[in-house]
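Chemist: Mind having a look at this structure? Questions to follow.
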Protein chains: 2
Amino acid sequence: MRIGELAERAGTSTRTLRYYEERGLLSARRNSSGYRDYDEDDARLVREIRALLGIGFDLEETRPFVECLRAGHDAGDECPASVAVYRRKLAELDACIDRMQGIRAHLVAQLDQTERAHAAGEHADRPATPATWAASVLPDPPEPRCALTGPLTKESR
Amino acid sequence: MRIGELAERAGTSTRTLRYYEERGLLSARRNSSGYRDYDEDDARLVREIRALLGIGFDLEETRPFVECLRAGHDAGDECPASVAVYRRKLAELDACIDRMQGIRAHLVAQLDQTERAHAAGEHADRPATPATWAASVLPDPPEPRCALTGPLTKESR
DNA sequence: CCTGGCCTTCACGTCAACGTCAAGGTCTAC
DNA sequence: GTAGACCTTGACGTTGACGTGAAGGCCAGG
């Protein structure tokens, strides 16, 4: 199949597929006229990449899974390198969840503090201002990051 | 005080402060030689911005807090517009936490599936491959995003 | 033969929140 | 008077995962 069909079947764009190839995650035979030619295994590979991106992996982190599949394994996570990424991601995720829950708790406290202040007629105590509590939820060795922006499918755009 | 002192006291850079001014979040008097001149209120304002950025707000979302402080309020979250941002952020945060917990659960399941497969001698069933379960945790109306990359303080860099 | 729909490579644009020069003005200390 | 530490504006660079053209090749239908 050609690049357009693969893109459509994977719910993404041709640009994306060429980008993956550029990054060495995808490779393609060429037909007689120089067009890229893909097969069912490539489709699986792209779906794997898209799926992993969707759960917060970055492109580089999908590489072990891709190489695992290309090595002939049935699943991309059968190889030790993939499992290592899983474990690392799990730890990151836990740190991220913890931090968000901390922020959430402070936010809720802040919200019902403003609510009570309003009910008390504008002259209540405001023990905390954002600047005072927000620092307490900042990670001290700053965690690498904490982001989940899934890839946008063609139709979600 | 001049920009360098304010930057140091706020744990950030002069470039950052000029950027905030450029975005209309900060304003400065000028002294006789054209240098920006800040006071204690400006310091509070910058601390508020940095604190909010630290808990996942983007710069635009800090604006109501800044305007609230500039309107003379004791705290940046005393104004309705700020509270509205709080509520919106709380909802986003909840969605984000839910999603991460979903991913986490799948990740854990996947990890001990590979573990058992390994223990069973490489020929066990692998009912799930990343591509099969990852899609199930993708938000259907794609949530705007889900990111927490706090601002880096000068010394954390 | 021509139109339209694929495909090719190259290369610049996007977004946020700044970092990093460059070229020059100002002020204090020695 | 000159070094050095500050300040000014302006403008380009960074990061990831692509988007968006431009300029042109290939191929099927009419």
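Ligands are numbered from 1 in the order shown, chains are lettered A, B, ... in the order of the structure tokens, and residues start at 1 in each chain.
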List the spatial neighbours of DA22 of chain C as a PyMOL selection string - criterion: any atom at most 12 Å away, only C-alpha atoms (C1' of nucleotides), same-chain residues fewer than 6 positions off excluded.
Modeler: chain D and resi 9-12
Chemist: Could you write out as a ChimeraX atom specification the residues of chain C within 12 Å of chain B, counting only C-alpha atoms (C1' of nucleotides)?
Modeler: /C:16-20,25-27
Chemist: Kindly export the residues of the current selection with N, CA and C atoms (P, O5', C5', C4', C3', O3' and C1' of nucleotides), as a tab-separated table (two decimals), in the first residue's frame.
Modeler:
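Written out: part.tsv:
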chain	number	residue	atom	x	y	z
C	16	DA	P	0.79	30.11	22.10
C	16	DA	O5'	1.22	29.47	23.49
C	16	DA	C5'	2.03	28.35	23.49
C	16	DA	C4'	2.75	28.17	24.79
C	16	DA	C3'	2.96	29.42	25.65
C	16	DA	O3'	3.02	28.99	26.99
C	16	DA	C1'	5.05	28.70	24.69
C	17	DA	P	2.97	30.10	28.15
C	17	DA	O5'	4.54	30.27	28.45
C	17	DA	C5'	5.26	29.14	28.92
C	17	DA	C4'	6.73	29.46	28.94
C	17	DA	C3'	7.08	30.83	29.56
C	17	DA	O3'	8.23	30.67	30.36
C	17	DA	C1'	8.05	30.66	27.47
C	18	DC	P	8.53	31.71	31.53
C	18	DC	O5'	9.06	33.00	30.78
C	18	DC	C5'	10.45	33.26	30.68
C	18	DC	C4'	11.17	32.34	29.71
C	18	DC	C3'	12.64	32.63	29.54
C	18	DC	O3'	13.42	31.69	30.28
C	18	DC	C1'	11.59	32.11	27.46
C	19	DG	P	14.93	32.07	30.58
C	19	DG	O5'	15.71	31.66	29.24
C	19	DG	C5'	15.93	30.30	28.94
C	19	DG	C4'	17.04	30.14	27.90
C	19	DG	C3'	18.37	30.81	28.23
C	19	DG	O3'	19.42	29.98	27.70
C	19	DG	C1'	17.50	31.76	26.26
C	20	DT	P	20.96	30.28	27.96
C	20	DT	O5'	21.39	31.16	26.70
C	20	DT	C5'	21.04	30.72	25.39
C	20	DT	C4'	21.58	31.71	24.35
C	20	DT	C3'	22.79	32.53	24.79
C	20	DT	O3'	23.70	32.57	23.71
C	20	DT	C1'	21.11	33.97	24.02
C	25	DG	P	25.74	54.51	22.39
C	25	DG	O5'	24.97	54.63	23.78
C	25	DG	C5'	23.55	54.81	23.76
C	25	DG	C4'	23.02	54.73	25.18
C	25	DG	C3'	23.66	55.72	26.15
C	25	DG	O3'	22.65	56.24	27.01
C	25	DG	C1'	23.94	53.52	26.96
C	26	DT	P	23.08	57.34	28.08
C	26	DT	O5'	23.35	56.46	29.39
C	26	DT	C5'	22.28	55.74	29.99
C	26	DT	C4'	22.67	55.33	31.41
C	26	DT	C3'	23.37	56.41	32.23
C	26	DT	O3'	22.77	56.42	33.52
C	26	DT	C1'	24.66	54.45	32.24
C	27	DC	P	22.95	57.62	34.55
C	27	DC	O5'	23.66	56.85	35.75
C	27	DC	C5'	23.41	55.44	35.90
C	27	DC	C4'	24.39	54.82	36.88
C	27	DC	C3'	25.12	55.80	37.81
C	27	DC	O3'	25.10	55.23	39.10
C	27	DC	C1'	26.68	54.47	36.66
Chemist: Taking only residues of chain B that have an atom at most 12 Å from an atom of chain D, what is each one's shortest atom pair and its distance in Å to one decimal, using only C-alpha atoms (C1' of nucleotides), in chain and number order, as a tab-separated table?
Modeler:
residue	atom	partner	partner_atom	distance
B:Arg2	CA	D:DC7	C1'	8.7
B:Ile3	CA	D:DC7	C1'	8.5
B:Gly4	CA	D:DC6	C1'	8.2
B:Glu5	CA	D:DC6	C1'	10.5
B:Thr14	CA	D:DC7	C1'	10.5
B:Arg18	CA	D:DT9	C1'	10.9
B:Arg30	CA	D:DT8	C1'	11.4
B:Asn31	CA	D:DC7	C1'	11.2
B:Ser33	CA	D:DC7	C1'	8.9
B:Gly34	CA	D:DT8	C1'	7.6
B:Tyr35	CA	D:DC7	C1'	6.1
B:Arg36	CA	D:DC7	C1'	8.5
B:Asp37	CA	D:DC7	C1'	11.1
Chemist: Would you export the selected residues with C-alpha atoms as a CSV table (one decimal), in the first residue's frame, please?
Modeler:
chain,number,residue,atom,x,y,z
B,2,ARG,CA,15.8,47.6,39.1
B,3,ILE,CA,15.1,44.6,36.9
B,4,GLY,CA,18.1,42.5,38.0
B,5,GLU,CA,17.2,42.7,41.7
B,14,THR,CA,15.5,39.6,33.5
B,18,ARG,CA,10.7,41.8,30.1
B,30,ARG,CA,11.2,54.3,34.3
B,31,ASN,CA,13.9,56.2,36.2
B,33,SER,CA,18.2,57.0,32.9
B,34,GLY,CA,15.5,54.9,31.3
B,35,TYR,CA,15.9,51.9,33.6
B,36,ARG,CA,12.8,50.0,34.7
B,37,ASP,CA,11.9,50.7,38.3
Chemist: When DSSP works through the backbone of this structure, what residues of segment 17-50 of chain B end up as alpha helix (DSSP H), shown as a PyMOL selection string?
Modeler: chain B and resi 17-22+40-50
Chemist: Taking 2 positions as the minimum chain separation for residues in the same chain, which residues sit within 8 Å of Cys79 of chain A when counting only C-alpha atoms (C1' of nucleotides)? Answer as a PyMOL selection string.
Modeler: chain A and resi 64-65+68+76-77+81-83
Chemist: Write the residues of the selection above to a file with N, CA and C atoms, as a JSON list (two decimals), in the first residue's frame.
Modeler:
[["chain", "number", "residue", "atom", "x", "y", "z"],
["A", 64, "PRO", "N", 12.29, 1.42, 21.27],
["A", 64, "PRO", "CA", 12.49, 0.02, 21.66],
["A", 64, "PRO", "C", 11.33, -0.88, 21.23],
["A", 65, "PHE", "N", 10.12, -0.37, 21.28],
["A", 65, "PHE", "CA", 8.95, -1.15, 20.89],
["A", 65, "PHE", "C", 8.99, -1.45, 19.40],
["A", 68, "CYS", "N", 11.61, -3.93, 18.66],
["A", 68, "CYS", "CA", 11.18, -5.24, 19.15],
["A", 68, "CYS", "C", 10.27, -5.89, 18.12],
["A", 76, "GLY", "N", 5.29, -5.49, 20.83],
["A", 76, "GLY", "CA", 6.42, -4.56, 20.95],
["A", 76, "GLY", "C", 7.01, -4.51, 22.34],
["A", 77, "ASP", "N", 6.26, -5.02, 23.32],
["A", 77, "ASP", "CA", 6.74, -4.92, 24.70],
["A", 77, "ASP", "C", 7.32, -6.23, 25.21],
["A", 81, "ALA", "N", 14.21, -3.91, 26.71],
["A", 81, "ALA", "CA", 14.32, -2.46, 26.58],
["A", 81, "ALA", "C", 12.95, -1.79, 26.66],
["A", 82, "SER", "N", 11.95, -2.47, 26.10],
["A", 82, "SER", "CA", 10.59, -1.93, 26.15],
["A", 82, "SER", "C", 10.07, -1.96, 27.58],
["A", 83, "VAL", "N", 10.33, -3.06, 28.26],
["A", 83, "VAL", "CA", 9.87, -3.19, 29.64],
["A", 83, "VAL", "C", 10.52, -2.11, 30.51]]
Chemist: Go through B:Arg23, B:Arg70, B:Arg47, B:Arg63 and flag the residue nearest chain A, using only C-alpha atoms for the distances.
Modeler: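 Of all the options, B:Arg47 lies closest to chain A.
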Chemist: Compile the contact shell of Asp42 of chain B as a VMD selection string: residues with an atom at most 9 Å away, counting only C-alpha atoms (C1' of nucleotides), same-chain residues fewer than 5 positions apart removed.
Modeler: chain B and resid 6 26 to 28 47
Chemist: With distances taken over only C-alpha atoms, which residue among A:Glu67, A:Leu52, A:Ala10, A:Phe57 lies nearest chain B?
Modeler: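 Of all the options, A:Leu52 lies closest to chain B.
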Chemist: Point out the residue among A:Glu48, A:Glu60, A:Asp94, A:Asp112 with the least atom-to-atom distance to Ala75 of chain A, counting only C-alpha atoms.
Modeler: A:Glu48
Chemist: Compare B:Ile55, B:Cys96, B:Val66, B:Cys146 by their minimum atom-to-atom distance to Glu21 of chain B, counting only C-alpha atoms, and give me the closest one.
Modeler: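 Of B:Ile55, B:Cys96, B:Val66, B:Cys146, the one nearest Glu21 of chain B is B:Val66, counting only C-alpha atoms.
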Chemist: By how many Å are atom CA of Glu92 of chain A and atom CA of Gly11 of chain B apart?
Modeler: 25.8 Å
Chemist: As an exercise, work out the distance from atom CA of Arg9 of chain B to atom CA of Ala84 of chain B in Å and give it to one decimal place.
Modeler: 29.4 Å
